[in-house]
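Notes follow the structure.
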Amino acid sequence: MMGGQSIFPQVACLQMPLQQGAVAANLQTLQKMLAKACFAPNTLVVLPELWATGFDYANIALLAEETPQLLKKLQQEAAQNRIWFAGSLLDKQPTGEIYNTLFVVGPDGLTGCYQKQHLFRLWQEDQYLTAGKAAQAIQTPFGPIGALVCYDLRFPALSRQQIFAGCKLLVVSAQWPEVRLDHWRTLLQARAIENQVVVAACNGSGHLPVGDLAGHSMIISPLGEVLAEADKQPAMIRAELETRDVEAARSRFCSVAEHPWYGQDSDKVVTSEILLERIGQMRRQGSKIVFTNGCFDLLHAGHVSYLEEARRCGDCLVVGLNADRSVQALKGPLRPINSELERARVLAALGCVDFVVLFDEETPLRLLTTVLPDILVKGADWAEEQIVGADEVKSAGGKIQRIPLTSHTSTTKIINKILLTR
């Protein structure tokens with residue numbers, strides 16, 4: 001931490017005019033605006049979402065290859081001007097997946113990053129990019145900062161999680177459309193007020209194939225006061241920041257410190273009738289229902305990793321759980337080790353699980369044909385033609401997702417180990 005600070009001394013937003021796919025032109029615009037701005041040392045400069053490329057889906061894989069060089073350019077500018085940057089770029093992983101990632105870059109290079117969690121389906125972002133898996137704060141020499149990328153702004157739990165971890169500054173990198181400008185301003189002030197935190201939000205400027213961007217980058221105090229705001233045109237705004245302003249906002253009451261547990265996880269264990277009613281309501285609002293099944297006797301880390309990956313496939317995870325009679329038919333009279341109600345209760349306590357429903361048969365086919373999920377998940381060790389219910393789900397318009405198994409742990413191995421150590 002520099003000079004006892006726990007927040008950057010100054011923050012700025014560089015509201016750039018964005019050109020789709022024109023990396024060199026966008027970089028040149030950035031450099032010209034930087035030269036004109038003359039930032040004070042240790043200013044955090046927030047950039048728009050995908051500031052170098054825009055959403056040029058036709059060339060997205062090639063454009064993602066430019067990111068390592070762009071990060072080097074940012075580091076050079078940061079070192080030359082003794083400033084910091086926060087803005088999103090295409091982020092291609094060795095696996096081939098491409099993320100929309102907000103990078104924080106300083107004079108010494110990359111400090112940390114945040115992958116966009118919520119992809120904007122209206123702009124088909126989910127068809128070309130991969131959603132992030134963790135909403136962690138980004139560590140900097142000035143303390144941790146929270147980060148959101150555009151559509152993430154509509155999901156308050158993301159910023160709440162980061163601010164609870166100790167952030168006093170939340171940065172937002174966006175390409176927010178003009179037709180929803182009122183939402184942009186309202187949501188930004190709400191995030192500042194509810195988290196008692198400084199918000200620095202940089203939007204793009206200009207015309208896109210989907211319409212005009214709103215501009216109106218904003219810097220907002222922990223009390224919700226607008227410290228600086230641009231109009232629709234390309235602009236630079238800045239504000240001085242003080243840790244004591246955040247502390248003052250939290251001095252009488254600190255809502256961000258209160259983190260009660262609202263869950264009653266046993267309520268996740270439902271009958272098939274109740275399940276259909278609940279997911280029916282979700283489907284009417286456009287939610288994607290994910291289904292998987294298993295015995296889950298002696299729940300272990302392999303189970304948990306698998307269920308977390310299954311949950312990431314959609315908006316709601318239903319776990320079909322083999323009842324005791326079903327487990328005995330599959331695995332013999334000595335199983336299960338734990339009763340169906342005990343297994344259901346443990347599964348329900350997992351944050352990634354939304355519903356648990358028991359079935360008596362050896363396979364979940366009857367339950368599956370009743371639920372007809374949008375996505376049926378099984379382990380990658382199952383060939384698709386061997387997956388019970390695959391044909392029925394696909395015939396109803398659903399998809400099959402096979403998840404690689406990352407753990408070699410099994411209930412049988414655990415039982416054998418216990419027997420050997422007796």
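Lettering and numbering for the structure tokens are positional, with chains as A, B, ... in the shown order, residues counted from 1 in each chain, and ligands counted from 1 in the shown order.
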As a VMD selection string, please: the residues near segment 51-59 of chain A (cut-off 7 Å, only C-alpha atoms, same-chain neighbours under 3 positions excluded). chain A and resid 18 to 23 26 to 27 47 to 48 62 to 63 88 to 89 128
For Gln15 of chain A, work out the shell of residues within 12 Å, counting only C-alpha atoms and skipping chain neighbours fewer than 5 positions away, then give it as a compact mmCIF listing (two decimals) with N, CA and C atoms, in the first residue's frame.
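Dumped to selection_2.txt:
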# COMPACT_ATOMS: atom_id res chain seq x y z
N ASN A 26 -8.28 2.60 -32.47
CA ASN A 26 -8.71 2.77 -31.07
C ASN A 26 -7.52 3.02 -30.15
N THR A 29 -6.47 6.58 -30.63
CA THR A 29 -7.39 7.47 -29.92
C THR A 29 -7.06 7.52 -28.44
N LEU A 30 -6.81 6.36 -27.86
CA LEU A 30 -6.44 6.28 -26.44
C LEU A 30 -5.20 7.12 -26.17
N MET A 33 -5.86 10.89 -26.34
CA MET A 33 -6.62 11.38 -25.19
C MET A 33 -5.75 11.41 -23.94
N LEU A 34 -4.85 10.43 -23.81
CA LEU A 34 -3.93 10.40 -22.66
C LEU A 34 -2.99 11.61 -22.69
N ALA A 37 -4.77 14.67 -21.60
CA ALA A 37 -5.31 14.70 -20.23
C ALA A 37 -4.29 15.12 -19.18
N VAL A 45 -7.07 5.16 -14.42
CA VAL A 45 -7.82 5.57 -15.61
C VAL A 45 -8.69 4.40 -16.06
N VAL A 46 -10.00 4.59 -16.00
CA VAL A 46 -10.95 3.54 -16.38
C VAL A 46 -11.30 3.70 -17.86
N LEU A 47 -11.29 2.58 -18.59
CA LEU A 47 -11.55 2.57 -20.03
C LEU A 47 -12.86 1.84 -20.32
N PRO A 48 -13.46 2.06 -21.48
CA PRO A 48 -14.71 1.38 -21.82
C PRO A 48 -14.53 -0.13 -22.01
N GLU A 49 -15.63 -0.80 -22.09
CA GLU A 49 -15.66 -2.24 -22.36
C GLU A 49 -15.14 -2.50 -23.78
N TRP A 51 -12.48 -1.79 -25.29
CA TRP A 51 -12.13 -0.48 -25.82
C TRP A 51 -11.29 -0.56 -27.11
N GLY A 87 -9.73 -1.60 -17.73
CA GLY A 87 -10.65 -1.66 -18.85
C GLY A 87 -10.68 -3.05 -19.44
N SER A 173 -16.60 -0.99 -16.50
CA SER A 173 -16.19 -0.80 -17.89
C SER A 173 -17.36 -1.24 -18.76
N ALA A 174 -17.84 -0.36 -19.66
CA ALA A 174 -19.11 -0.66 -20.32
C ALA A 174 -19.20 -0.14 -21.74
N GLN A 175 -20.13 -0.76 -22.49
CA GLN A 175 -20.67 -0.22 -23.75
C GLN A 175 -22.19 -0.21 -23.57
N TRP A 176 -22.67 0.79 -22.87
CA TRP A 176 -24.09 0.86 -22.50
C TRP A 176 -24.84 1.70 -23.54
N ALA A 200 -16.60 4.35 -10.18
CA ALA A 200 -16.05 5.01 -11.37
C ALA A 200 -16.43 4.17 -12.57
N ALA A 201 -17.33 4.68 -13.40
CA ALA A 201 -17.90 3.92 -14.50
C ALA A 201 -17.61 4.59 -15.83
N CYS A 202 -16.90 3.90 -16.72
CA CYS A 202 -16.54 4.45 -18.01
C CYS A 202 -17.33 3.76 -19.11
N ASN A 203 -18.08 4.53 -19.86
CA ASN A 203 -18.86 4.02 -20.98
C ASN A 203 -18.20 4.44 -22.29
N GLY A 204 -18.57 3.74 -23.37
CA GLY A 204 -18.08 4.12 -24.68
C GLY A 204 -18.92 5.25 -25.28
N SER A 205 -18.43 5.77 -26.39
CA SER A 205 -19.13 6.84 -27.09
C SER A 205 -19.17 6.49 -28.58
N GLY A 206 -20.22 6.92 -29.26
CA GLY A 206 -20.28 6.71 -30.69
C GLY A 206 -21.40 5.79 -31.12
N LEU A 213 -24.17 4.53 -28.40
CA LEU A 213 -23.82 4.34 -27.00
C LEU A 213 -24.20 5.58 -26.20
N ALA A 214 -24.44 5.37 -24.92
CA ALA A 214 -24.99 6.44 -24.08
C ALA A 214 -23.96 7.46 -23.64
N GLY A 215 -22.66 7.06 -23.60
CA GLY A 215 -21.70 7.96 -22.98
C GLY A 215 -22.02 8.10 -21.50
N HIS A 216 -21.98 9.34 -21.00
CA HIS A 216 -22.34 9.64 -19.61
C HIS A 216 -21.56 8.79 -18.61
N SER A 217 -20.25 8.70 -18.85
CA SER A 217 -19.39 8.11 -17.82
C SER A 217 -19.56 8.90 -16.54
N MET A 218 -19.46 8.22 -15.39
CA MET A 218 -19.77 8.86 -14.12
C MET A 218 -18.79 8.44 -13.02
N GLU A 229 -19.49 13.84 -14.39
CA GLU A 229 -20.27 13.11 -15.39
C GLU A 229 -20.02 13.72 -16.76
N ALA A 230 -19.81 12.85 -17.74
CA ALA A 230 -19.64 13.29 -19.12
C ALA A 230 -21.01 13.40 -19.80
N ASP A 231 -21.02 13.94 -21.00
CA ASP A 231 -22.23 13.89 -21.81
C ASP A 231 -22.07 12.75 -22.81
N LYS A 232 -22.71 12.84 -23.95
CA LYS A 232 -22.67 11.75 -24.92
C LYS A 232 -21.38 11.73 -25.75
N GLN A 233 -20.71 12.87 -25.85
CA GLN A 233 -19.54 13.00 -26.71
C GLN A 233 -18.27 12.42 -26.05
N PRO A 234 -17.24 12.12 -26.83
CA PRO A 234 -15.96 11.69 -26.24
C PRO A 234 -15.50 12.69 -25.20
N ALA A 235 -15.02 12.18 -24.08
CA ALA A 235 -14.68 13.08 -22.98
C ALA A 235 -13.77 12.38 -21.98
N MET A 236 -13.19 13.19 -21.11
CA MET A 236 -12.43 12.68 -19.97
C MET A 236 -12.98 13.35 -18.72
N ILE A 237 -13.28 12.57 -17.70
CA ILE A 237 -13.70 13.13 -16.41
C ILE A 237 -12.78 12.58 -15.33
N ARG A 238 -12.67 13.30 -14.22
CA ARG A 238 -11.79 12.85 -13.14
C ARG A 238 -12.32 13.37 -11.81
What lies within 7 Å of Asp265 of chain A using only C-alpha atoms, ignoring chain neighbours under 2 positions off, as a PyMOL selection string? chain A and resi 263+267-268+348-349
Please produce an output containing C-alpha atoms for each residue in the selection, written as a PDB file, in the first residue's frame.
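out-v3.pdb, freshly written:
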ATOM      1  CA  GLY A 263     -30.967 -19.366   3.331  1.00  0.00           C
ATOM      2  CA  ASP A 267     -36.589 -25.908   1.388  1.00  0.00           C
ATOM      3  CA  LYS A 268     -34.641 -26.865  -1.753  1.00  0.00           C
ATOM      4  CA  ALA A 348     -29.349 -28.808  -0.656  1.00  0.00           C
ATOM      5  CA  ALA A 349     -26.728 -27.003   1.435  1.00  0.00           C
TER       6      ALA A 349
END
What residues in segment 83-326 of chain A get the DSSP label strand (DSSP E)? Please answer as a VMD selection string. chain A and resid 84 to 92 98 to 106 109 to 115 146 to 149 169 to 174 198 to 203 207 to 208 211 to 212 218 to 220 226 to 229 235 to 240 289 to 294 316 to 322
Can you list, as a VMD selection string, every protein, DNA or RNA residue that comes within 8 Å of segment 366-370 of chain A when you count only C-alpha atoms, leaving out same-chain residues fewer than 5 positions away? chain A and resid 272 320 359 389 392 to 393
Pull C-alpha atoms from the residues just selected and write them as a tab-separated table (two decimals), in the first residue's frame.
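This is the output file again_21.tsv:
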chain	number	residue	atom	x	y	z
A	272	SER	CA	-41.74	-33.37	-8.45
A	320	GLY	CA	-32.35	-35.78	-9.38
A	359	PHE	CA	-36.78	-40.65	-7.67
A	389	GLY	CA	-33.09	-39.15	-21.41
A	392	GLU	CA	-36.11	-37.03	-25.10
A	393	VAL	CA	-34.39	-33.81	-24.02
If we count only C-alpha atoms and set the cut-off at 8 Å, which residues sit around Pro41 of chain A, ignoring sequence neighbours fewer than 3 positions away in its own chain? Please answer as an MDAnalysis selection string. chainID A and resid 81:83
Could those selected residues go to a file with C-alpha atoms, as a tab-separated table (two decimals), in the first residue's frame?
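So part.tsv came out as:
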chain	number	residue	atom	x	y	z
A	81	ASN	CA	2.84	8.54	-17.10
A	82	ARG	CA	3.00	6.80	-13.68
A	83	ILE	CA	-0.69	5.92	-13.87
Selection near Ile7 of chain A, 8 Å with only C-alpha atoms, sequence-local residues under 5 positions removed, as a ChimeraX atom specification: /A:142-143,168-169,241-243
Can you tell me, as a ChimeraX atom specification, what residues are no more than 9 Å from segment 109-121 of chain A when counting only C-alpha atoms, ignoring any on the same chain fewer than 6 positions away? /A:71-72,74-76,78-79,86,88,91,99-103,127,129-141,146-152,155,158
May I ask which of the residues A:Thr271, A:Asn322, A:Gln69, A:Gln401 is the closest one to Phe296 of chain A, counting only C-alpha atoms?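 That would be A:Asn322, the residue with the smallest distance to Phe296 of chain A.
Comparing the minimum interatomic distances between Arg278 of chain A and each of A:Val318, A:Arg312, A:Lys394, A:Leu44, counting only C-alpha atoms, we find that A:Val318 sits nearest.
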Please report, as a PyMOL selection string, each residue of segment 1-229 of chain A to which DSSP assigns helix (DSSP H, G or I) when run on this structure's backbone. chain A and resi 23-37+57-64+67-81+121-123+125-127+150-154+156-164+178-195
What is the distance between atom CA of Met282 of chain A and atom CA of Leu376 of chain A, in Å to one decimal? 16.8 Å
Closest to Phe8 of chain A among A:Ser326, A:Ser266, A:Asn42, A:Gln93, using only C-alpha atoms? A:Asn42
One-decimal distance in Å that lies between atom CA of Leu188 of chain A and atom CA of Val246 of chain A: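 Pair atom CA of Val246 of chain A / atom CA of Leu188 of chain A returns 16.2 Å.
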Choose the residue, out of A:Gly211, A:Pro404, A:Gly96, A:Pro222, that has the smallest atom-to-atom separation from Ser255 of chain A; count only C-alpha atoms.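 Answer, going by the shortest atom-to-atom distance: A:Pro222.
Of the residues listed (A:Lys417, A:Lys288, A:Arg345, A:Arg325), A:Lys288 shows the shortest atom-to-atom separation from Gly398 of chain A; distances use only C-alpha atoms.
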